[in-house]
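For reference, run_6.txt (compact mmCIF, N, CA and C atoms):
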```
# COMPACT_ATOMS: atom_id res chain seq x y z
N MET A 1 27.73 74.91 -46.14
CA MET A 1 28.76 74.39 -47.03
C MET A 1 30.12 74.56 -46.36
N ALA A 2 30.91 73.53 -46.37
CA ALA A 2 32.23 73.55 -45.73
C ALA A 2 33.21 74.40 -46.54
N GLU A 3 34.07 75.07 -45.84
CA GLU A 3 35.09 75.90 -46.46
C GLU A 3 36.19 75.00 -47.04
N THR A 4 36.57 75.24 -48.28
CA THR A 4 37.65 74.45 -48.88
C THR A 4 39.00 74.94 -48.33
N GLU A 5 40.02 74.13 -48.55
CA GLU A 5 41.37 74.52 -48.09
C GLU A 5 41.81 75.82 -48.77
N ARG A 6 41.48 75.95 -50.04
CA ARG A 6 41.84 77.18 -50.77
C ARG A 6 41.12 78.39 -50.19
N GLN A 7 39.83 78.24 -49.89
CA GLN A 7 39.07 79.35 -49.30
C GLN A 7 39.64 79.72 -47.94
N LEU A 8 39.98 78.72 -47.12
CA LEU A 8 40.58 78.98 -45.83
C LEU A 8 41.90 79.72 -45.99
N SER A 9 42.73 79.27 -46.93
CA SER A 9 44.01 79.91 -47.18
C SER A 9 43.85 81.37 -47.54
N GLN A 10 42.93 81.64 -48.44
CA GLN A 10 42.68 83.02 -48.86
C GLN A 10 42.14 83.86 -47.71
N ARG A 11 41.28 83.29 -46.91
CA ARG A 11 40.72 84.01 -45.76
C ARG A 11 41.81 84.33 -44.75
N LEU A 12 42.70 83.38 -44.49
CA LEU A 12 43.79 83.62 -43.55
C LEU A 12 44.75 84.69 -44.06
N GLU A 13 45.01 84.68 -45.35
CA GLU A 13 45.85 85.74 -45.93
C GLU A 13 45.20 87.11 -45.74
N ARG A 14 43.89 87.18 -45.97
CA ARG A 14 43.17 88.45 -45.76
C ARG A 14 43.21 88.88 -44.30
N VAL A 15 43.03 87.93 -43.40
CA VAL A 15 43.06 88.24 -41.97
C VAL A 15 44.43 88.80 -41.58
N ILE A 16 45.49 88.17 -42.04
CA ILE A 16 46.84 88.66 -41.74
C ILE A 16 46.99 90.10 -42.23
N MET A 17 46.62 90.35 -43.48
CA MET A 17 46.78 91.69 -44.04
C MET A 17 45.87 92.69 -43.33
N ASP A 18 44.65 92.29 -42.99
CA ASP A 18 43.73 93.19 -42.27
C ASP A 18 44.29 93.56 -40.90
N LEU A 19 44.84 92.59 -40.19
CA LEU A 19 45.42 92.88 -38.88
C LEU A 19 46.59 93.84 -39.01
N LEU A 20 47.43 93.64 -40.01
CA LEU A 20 48.56 94.55 -40.21
C LEU A 20 48.07 95.95 -40.60
N ASP A 21 47.02 96.02 -41.39
CA ASP A 21 46.45 97.31 -41.79
C ASP A 21 45.93 98.10 -40.59
N ARG A 22 45.48 97.40 -39.57
CA ARG A 22 44.92 98.05 -38.38
C ARG A 22 45.98 98.47 -37.37
N ARG A 23 47.21 98.14 -37.65
CA ARG A 23 48.31 98.48 -36.73
C ARG A 23 49.24 99.51 -37.37
N ALA A 24 50.11 100.05 -36.57
CA ALA A 24 51.10 101.01 -37.09
C ALA A 24 51.93 100.34 -38.18
N ALA A 25 52.45 101.15 -39.08
CA ALA A 25 53.22 100.63 -40.22
C ALA A 25 54.41 99.79 -39.78
N THR A 26 54.95 100.07 -38.61
CA THR A 26 56.13 99.33 -38.13
C THR A 26 55.77 98.17 -37.21
N ALA A 27 54.49 97.97 -36.95
CA ALA A 27 54.06 96.93 -36.01
C ALA A 27 54.08 95.55 -36.66
N SER A 28 54.10 94.54 -35.80
CA SER A 28 54.03 93.16 -36.26
C SER A 28 52.91 92.45 -35.51
N ILE A 29 52.56 91.28 -36.02
CA ILE A 29 51.55 90.45 -35.36
C ILE A 29 52.12 89.07 -35.13
N CYS A 30 51.55 88.37 -34.19
CA CYS A 30 51.87 86.98 -33.95
C CYS A 30 50.96 86.13 -34.83
N PRO A 31 51.44 85.03 -35.38
CA PRO A 31 50.54 84.17 -36.15
C PRO A 31 49.29 83.77 -35.36
N SER A 32 49.41 83.65 -34.05
CA SER A 32 48.23 83.29 -33.25
C SER A 32 47.18 84.39 -33.26
N ASP A 33 47.59 85.66 -33.44
CA ASP A 33 46.62 86.75 -33.56
C ASP A 33 45.70 86.49 -34.76
N ALA A 34 46.30 86.09 -35.87
CA ALA A 34 45.52 85.84 -37.08
C ALA A 34 44.65 84.59 -36.92
N ALA A 35 45.20 83.55 -36.32
CA ALA A 35 44.42 82.32 -36.11
C ALA A 35 43.21 82.59 -35.22
N ARG A 36 43.42 83.36 -34.15
CA ARG A 36 42.31 83.69 -33.25
C ARG A 36 41.26 84.55 -33.96
N GLU A 37 41.72 85.51 -34.76
CA GLU A 37 40.81 86.39 -35.49
C GLU A 37 39.97 85.60 -36.49
N ALA A 38 40.60 84.63 -37.14
CA ALA A 38 39.91 83.85 -38.17
C ALA A 38 38.97 82.80 -37.59
N TYR A 39 39.26 82.35 -36.38
CA TYR A 39 38.45 81.29 -35.77
C TYR A 39 37.07 81.80 -35.40
N GLU A 40 36.06 81.02 -35.71
CA GLU A 40 34.68 81.43 -35.47
C GLU A 40 34.08 80.74 -34.27
N GLY A 41 34.80 80.75 -33.19
CA GLY A 41 34.31 80.14 -31.96
C GLY A 41 34.90 80.86 -30.77
N ASP A 42 34.52 80.42 -29.58
CA ASP A 42 35.04 81.07 -28.39
C ASP A 42 35.84 80.11 -27.50
N ASP A 43 36.24 78.98 -28.08
CA ASP A 43 37.09 78.04 -27.34
C ASP A 43 38.50 78.07 -27.95
N ASP A 44 39.30 77.09 -27.66
CA ASP A 44 40.67 77.11 -28.17
C ASP A 44 40.82 76.40 -29.52
N GLY A 45 39.73 76.30 -30.27
CA GLY A 45 39.77 75.70 -31.60
C GLY A 45 40.65 76.46 -32.58
N TRP A 46 40.98 77.71 -32.25
CA TRP A 46 41.87 78.50 -33.11
C TRP A 46 43.23 77.83 -33.27
N ARG A 47 43.60 77.00 -32.31
CA ARG A 47 44.91 76.33 -32.39
C ARG A 47 45.03 75.46 -33.64
N ALA A 48 43.92 74.91 -34.10
CA ALA A 48 43.93 74.08 -35.31
C ALA A 48 44.24 74.92 -36.55
N LEU A 49 44.12 76.24 -36.44
CA LEU A 49 44.41 77.13 -37.56
C LEU A 49 45.85 77.63 -37.58
N MET A 50 46.64 77.24 -36.60
CA MET A 50 48.01 77.76 -36.53
C MET A 50 48.86 77.34 -37.74
N GLU A 51 48.85 76.08 -38.08
CA GLU A 51 49.66 75.66 -39.22
C GLU A 51 49.15 76.26 -40.53
N PRO A 52 47.83 76.26 -40.79
CA PRO A 52 47.35 76.94 -41.99
C PRO A 52 47.70 78.44 -41.99
N THR A 53 47.73 79.07 -40.82
CA THR A 53 48.10 80.48 -40.73
C THR A 53 49.56 80.67 -41.08
N ARG A 54 50.41 79.80 -40.60
CA ARG A 54 51.84 79.88 -40.95
C ARG A 54 52.04 79.71 -42.45
N ARG A 55 51.33 78.74 -43.03
CA ARG A 55 51.44 78.55 -44.49
C ARG A 55 50.97 79.78 -45.25
N ALA A 56 49.89 80.40 -44.78
CA ALA A 56 49.39 81.63 -45.41
C ALA A 56 50.43 82.74 -45.32
N ALA A 57 51.08 82.85 -44.17
CA ALA A 57 52.13 83.87 -44.01
C ALA A 57 53.26 83.65 -44.99
N TRP A 58 53.67 82.39 -45.17
CA TRP A 58 54.77 82.12 -46.10
C TRP A 58 54.38 82.40 -47.54
N ARG A 59 53.11 82.19 -47.89
CA ARG A 59 52.66 82.57 -49.24
C ARG A 59 52.74 84.08 -49.41
N LEU A 60 52.38 84.82 -48.36
CA LEU A 60 52.47 86.29 -48.42
C LEU A 60 53.92 86.74 -48.48
N VAL A 61 54.82 86.01 -47.85
CA VAL A 61 56.25 86.31 -47.96
C VAL A 61 56.68 86.15 -49.41
N GLU A 62 56.29 85.04 -50.03
CA GLU A 62 56.64 84.78 -51.42
C GLU A 62 56.10 85.86 -52.36
N ALA A 63 54.96 86.44 -52.00
CA ALA A 63 54.35 87.50 -52.80
C ALA A 63 54.96 88.87 -52.48
N GLY A 64 55.86 88.92 -51.51
CA GLY A 64 56.50 90.18 -51.15
C GLY A 64 55.65 91.11 -50.30
N GLN A 65 54.57 90.59 -49.72
CA GLN A 65 53.66 91.43 -48.95
C GLN A 65 53.99 91.51 -47.47
N VAL A 66 54.69 90.51 -46.93
CA VAL A 66 55.04 90.50 -45.52
C VAL A 66 56.43 89.88 -45.34
N GLU A 67 56.96 90.03 -44.14
CA GLU A 67 58.16 89.33 -43.70
C GLU A 67 57.80 88.54 -42.47
N VAL A 68 58.42 87.40 -42.31
CA VAL A 68 58.32 86.64 -41.07
C VAL A 68 59.63 86.91 -40.33
N THR A 69 59.51 87.26 -39.06
CA THR A 69 60.70 87.63 -38.29
C THR A 69 60.82 86.79 -37.03
N ARG A 70 62.05 86.75 -36.56
CA ARG A 70 62.36 86.15 -35.26
C ARG A 70 63.33 87.10 -34.59
N ALA A 71 63.00 87.51 -33.39
CA ALA A 71 63.84 88.47 -32.65
C ALA A 71 64.06 89.74 -33.47
N GLY A 72 63.04 90.14 -34.24
CA GLY A 72 63.10 91.39 -35.00
C GLY A 72 63.84 91.31 -36.32
N ARG A 73 64.32 90.14 -36.69
CA ARG A 73 65.06 89.99 -37.95
C ARG A 73 64.31 89.05 -38.89
N PRO A 74 64.23 89.40 -40.17
CA PRO A 74 63.58 88.52 -41.14
C PRO A 74 64.27 87.15 -41.19
N VAL A 75 63.47 86.11 -41.31
CA VAL A 75 63.99 84.75 -41.43
C VAL A 75 63.39 84.08 -42.65
N THR A 76 64.11 83.10 -43.16
CA THR A 76 63.57 82.28 -44.23
C THR A 76 62.76 81.15 -43.61
N ARG A 77 62.05 80.47 -44.44
CA ARG A 77 61.22 79.36 -43.95
C ARG A 77 62.08 78.30 -43.27
N THR A 78 63.25 78.03 -43.81
CA THR A 78 64.11 77.01 -43.22
C THR A 78 64.75 77.47 -41.91
N GLU A 79 64.87 78.77 -41.71
CA GLU A 79 65.44 79.32 -40.47
C GLU A 79 64.39 79.51 -39.38
N ALA A 80 63.14 79.42 -39.74
CA ALA A 80 62.04 79.75 -38.82
C ALA A 80 61.92 78.71 -37.71
N ARG A 81 62.27 79.13 -36.51
CA ARG A 81 62.16 78.30 -35.31
C ARG A 81 61.75 79.20 -34.16
N GLY A 82 61.01 78.66 -33.24
CA GLY A 82 60.65 79.42 -32.05
C GLY A 82 59.60 80.48 -32.33
N PRO A 83 59.53 81.50 -31.47
CA PRO A 83 58.51 82.55 -31.62
C PRO A 83 58.75 83.38 -32.88
N LEU A 84 57.72 83.48 -33.70
CA LEU A 84 57.80 84.24 -34.95
C LEU A 84 56.79 85.37 -34.94
N ARG A 85 57.06 86.38 -35.73
CA ARG A 85 56.16 87.51 -35.91
C ARG A 85 56.01 87.74 -37.40
N ILE A 86 54.95 88.45 -37.77
CA ILE A 86 54.68 88.81 -39.16
C ILE A 86 54.57 90.32 -39.24
N ARG A 87 55.24 90.92 -40.22
CA ARG A 87 55.18 92.38 -40.38
C ARG A 87 55.27 92.73 -41.85
N ARG A 88 55.01 94.00 -42.12
CA ARG A 88 55.19 94.50 -43.48
C ARG A 88 56.68 94.48 -43.79
N PRO A 89 57.06 94.31 -45.06
CA PRO A 89 58.49 94.23 -45.40
C PRO A 89 59.22 95.57 -45.21
N GLY A 90 60.52 95.46 -44.99
CA GLY A 90 61.39 96.63 -44.94
C GLY A 90 61.30 97.46 -43.69
N ARG A 91 60.88 96.90 -42.57
CA ARG A 91 60.75 97.68 -41.33
C ARG A 91 61.97 97.53 -40.49
```
Using structure tokens, write down the structure from this file.
Amino acid sequence: MAETERQLSQRLERVIMDLLDRRAATASICPSDAAREAYEGDDDGWRALMEPTRRAAWRLVEAGQVEVTRAGRPVTRTEARGPLRIRRPGR
């Protein structure tokens, strides 16, 4: 049975939170870390999960569970350009 968009979204949110749980409280992850972790293959198919991973991160931002940062500073969705990281809030 194919995974629905909602199921994928929820799985990506869990992957992001699980990766952060496995790191130091002050650590951050790259969205590609989550996409690679969620991808169930050994080729570069994880790249197709990058945009869904970013959307999952922004939903977690809205829920107050994470921050998206650039150069170590939190950014809003409209400010998000270039290399981004995901971390727990208030670091």
Task: For A:Glu67, the nearest of the candidates A:Leu12, A:Cys30, A:Arg87, A:Arg47, counting all atoms listed in the file - done: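 Nearest to A:Glu67: A:Arg87.
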Task: Minimum-distance residue to A:Trp58, chosen among A:Ala71, A:Arg22, A:Ala35, A:Glu13 (using only C-alpha atoms) - done: A:Glu13
Open item on the list: Can you pull out every residue from chain A that DSSP, working from the backbone, puts in helix (DSSP H, G or I), and format the result as a ChimeraX atom specification?
Closed with: /A:5-21,31-38,44-62
Task: A:Arg81 surroundings by only C-alpha atoms, 12 Å radius, close-in-sequence under 3 positions cut, as a PyMOL selection string - done: chain A and resi 54+68-71+74-78+84-85
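You will find atom C of A:Thr4 at 24.5 Å from atom N of A:Ile29.
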Centre and size of axis-aligned box enclosing stretch 85-91 of chain A plus 6 Å each side, as lines of an AutoDock Vina configuration file:
```
center_x = 58.3
center_y = 92.0
center_z = -40.6
size_x = 19.4
size_y = 23.3
size_z = 21.7
```
Open item on the list: Based on the backbone DSSP call, show me all residues of stretch 36-84 of chain A assigned strand (DSSP E or B), as a PyMOL selection string.
Closed with: chain A and resi 67-70+73-74
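Taking atom C of A:Pro52 and atom C of A:Arg36 as endpoints, the distance between them is 12.0 Å.
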TODO: Measure the distance from atom CA of A:Thr53 to atom C of A:Val66 in Å and round it to one decimal.
DONE: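 Value for the atom CA of A:Thr53-atom C of A:Val66 distance: 13.4 Å.
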List the neighbours of A:Ala25 out to 8 Å using all atoms listed in the file; skip same-chain residues closer than 3 positions along the sequence, and give me the result as a JSON list (two decimals) with N, CA and C atoms, keeping the file's coordinate frame.
```json
[["chain", "number", "residue", "atom", "x", "y", "z"],
["A", 20, "LEU", "N", 47.43, 93.64, -40.01],
["A", 20, "LEU", "CA", 48.56, 94.55, -40.21],
["A", 20, "LEU", "C", 48.07, 95.95, -40.60],
["A", 21, "ASP", "N", 47.02, 96.02, -41.39],
["A", 21, "ASP", "CA", 46.45, 97.31, -41.79],
["A", 21, "ASP", "C", 45.93, 98.10, -40.59],
["A", 22, "ARG", "N", 45.48, 97.40, -39.57],
["A", 22, "ARG", "CA", 44.92, 98.05, -38.38],
["A", 22, "ARG", "C", 45.98, 98.47, -37.37],
["A", 28, "SER", "N", 54.10, 94.54, -35.80],
["A", 28, "SER", "CA", 54.03, 93.16, -36.26],
["A", 28, "SER", "C", 52.91, 92.45, -35.51],
["A", 87, "ARG", "N", 55.24, 90.92, -40.22],
["A", 87, "ARG", "CA", 55.18, 92.38, -40.38],
["A", 87, "ARG", "C", 55.27, 92.73, -41.85],
["A", 88, "ARG", "N", 55.01, 94.00, -42.12],
["A", 88, "ARG", "CA", 55.19, 94.50, -43.48],
["A", 88, "ARG", "C", 56.68, 94.48, -43.79],
["A", 91, "ARG", "N", 60.88, 96.90, -42.57],
["A", 91, "ARG", "CA", 60.75, 97.68, -41.33],
["A", 91, "ARG", "C", 61.97, 97.53, -40.49]]
```
My structure is short of atoms at stretch 18-29 of chain A; please model all heavy atoms there, returning them as a CSV table (one decimal), in the coordinates of the input.
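What landed in selection_15.csv:
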```csv
chain,number,residue,atom,x,y,z
A,18,ASP,N,44.6,92.3,-43.0
A,18,ASP,CA,43.7,93.2,-42.3
A,18,ASP,C,44.3,93.6,-40.9
A,18,ASP,O,44.2,94.7,-40.5
A,18,ASP,CB,42.4,92.6,-42.1
A,18,ASP,CG,41.6,92.5,-43.4
A,18,ASP,OD1,41.9,93.2,-44.4
A,18,ASP,OD2,40.6,91.7,-43.4
A,19,LEU,N,44.8,92.6,-40.2
A,19,LEU,CA,45.4,92.9,-38.9
A,19,LEU,C,46.6,93.8,-39.0
A,19,LEU,O,46.7,94.8,-38.2
A,19,LEU,CB,45.9,91.6,-38.2
A,19,LEU,CG,44.8,90.7,-37.6
A,19,LEU,CD1,45.3,89.4,-37.2
A,19,LEU,CD2,44.1,91.4,-36.5
A,20,LEU,N,47.4,93.6,-40.0
A,20,LEU,CA,48.6,94.6,-40.2
A,20,LEU,C,48.1,96.0,-40.6
A,20,LEU,O,48.6,96.9,-40.2
A,20,LEU,CB,49.5,94.0,-41.3
A,20,LEU,CG,50.3,92.8,-40.8
A,20,LEU,CD1,51.1,92.2,-42.0
A,20,LEU,CD2,51.3,93.1,-39.7
A,21,ASP,N,47.0,96.0,-41.4
A,21,ASP,CA,46.4,97.3,-41.8
A,21,ASP,C,45.9,98.1,-40.6
A,21,ASP,O,45.9,99.3,-40.6
A,21,ASP,CB,45.3,97.1,-42.8
A,21,ASP,CG,45.8,96.8,-44.2
A,21,ASP,OD1,47.0,96.9,-44.5
A,21,ASP,OD2,45.0,96.3,-45.0
A,22,ARG,N,45.5,97.4,-39.6
A,22,ARG,CA,44.9,98.0,-38.4
A,22,ARG,C,46.0,98.5,-37.4
A,22,ARG,O,45.7,99.1,-36.4
A,22,ARG,CB,43.9,97.1,-37.7
A,22,ARG,CG,42.6,97.0,-38.5
A,22,ARG,CD,41.6,96.2,-37.7
A,22,ARG,NE,41.8,94.8,-38.0
A,22,ARG,CZ,41.2,93.8,-37.4
A,22,ARG,NH1,40.3,94.1,-36.4
A,22,ARG,NH2,41.4,92.6,-37.7
A,23,ARG,N,47.2,98.1,-37.6
A,23,ARG,CA,48.3,98.5,-36.7
A,23,ARG,C,49.2,99.5,-37.4
A,23,ARG,O,49.2,99.8,-38.6
A,23,ARG,CB,49.1,97.2,-36.4
A,23,ARG,CG,48.3,96.3,-35.4
A,23,ARG,CD,49.0,95.1,-35.1
A,23,ARG,NE,48.4,94.3,-34.0
A,23,ARG,CZ,47.3,93.6,-34.1
A,23,ARG,NH1,46.6,93.6,-35.2
A,23,ARG,NH2,46.9,92.9,-33.1
A,24,ALA,N,50.1,100.0,-36.6
A,24,ALA,CA,51.1,101.0,-37.1
A,24,ALA,C,51.9,100.3,-38.2
A,24,ALA,O,52.1,99.1,-38.2
A,24,ALA,CB,52.0,101.5,-36.0
A,25,ALA,N,52.4,101.2,-39.1
A,25,ALA,CA,53.2,100.6,-40.2
A,25,ALA,C,54.4,99.8,-39.8
A,25,ALA,O,54.8,98.9,-40.5
A,25,ALA,CB,53.7,101.8,-41.1
A,26,THR,N,55.0,100.1,-38.6
A,26,THR,CA,56.1,99.3,-38.1
A,26,THR,C,55.8,98.2,-37.2
A,26,THR,O,56.7,97.5,-36.7
A,26,THR,CB,57.1,100.3,-37.4
A,26,THR,OG1,56.3,100.9,-36.3
A,26,THR,CG2,57.6,101.3,-38.3
A,27,ALA,N,54.5,98.0,-37.0
A,27,ALA,CA,54.1,96.9,-36.0
A,27,ALA,C,54.1,95.6,-36.7
A,27,ALA,O,54.1,95.4,-37.9
A,27,ALA,CB,52.7,97.2,-35.5
A,28,SER,N,54.1,94.5,-35.8
A,28,SER,CA,54.0,93.2,-36.3
A,28,SER,C,52.9,92.4,-35.5
A,28,SER,O,52.4,93.0,-34.5
A,28,SER,CB,55.4,92.4,-36.0
A,28,SER,OG,55.6,92.3,-34.6
A,29,ILE,N,52.6,91.3,-36.0
A,29,ILE,CA,51.6,90.4,-35.4
A,29,ILE,C,52.1,89.1,-35.1
A,29,ILE,O,53.1,88.6,-35.8
A,29,ILE,CB,50.2,90.4,-36.2
A,29,ILE,CG1,50.5,89.7,-37.5
A,29,ILE,CG2,49.6,91.7,-36.4
A,29,ILE,CD1,49.3,89.2,-38.3
```
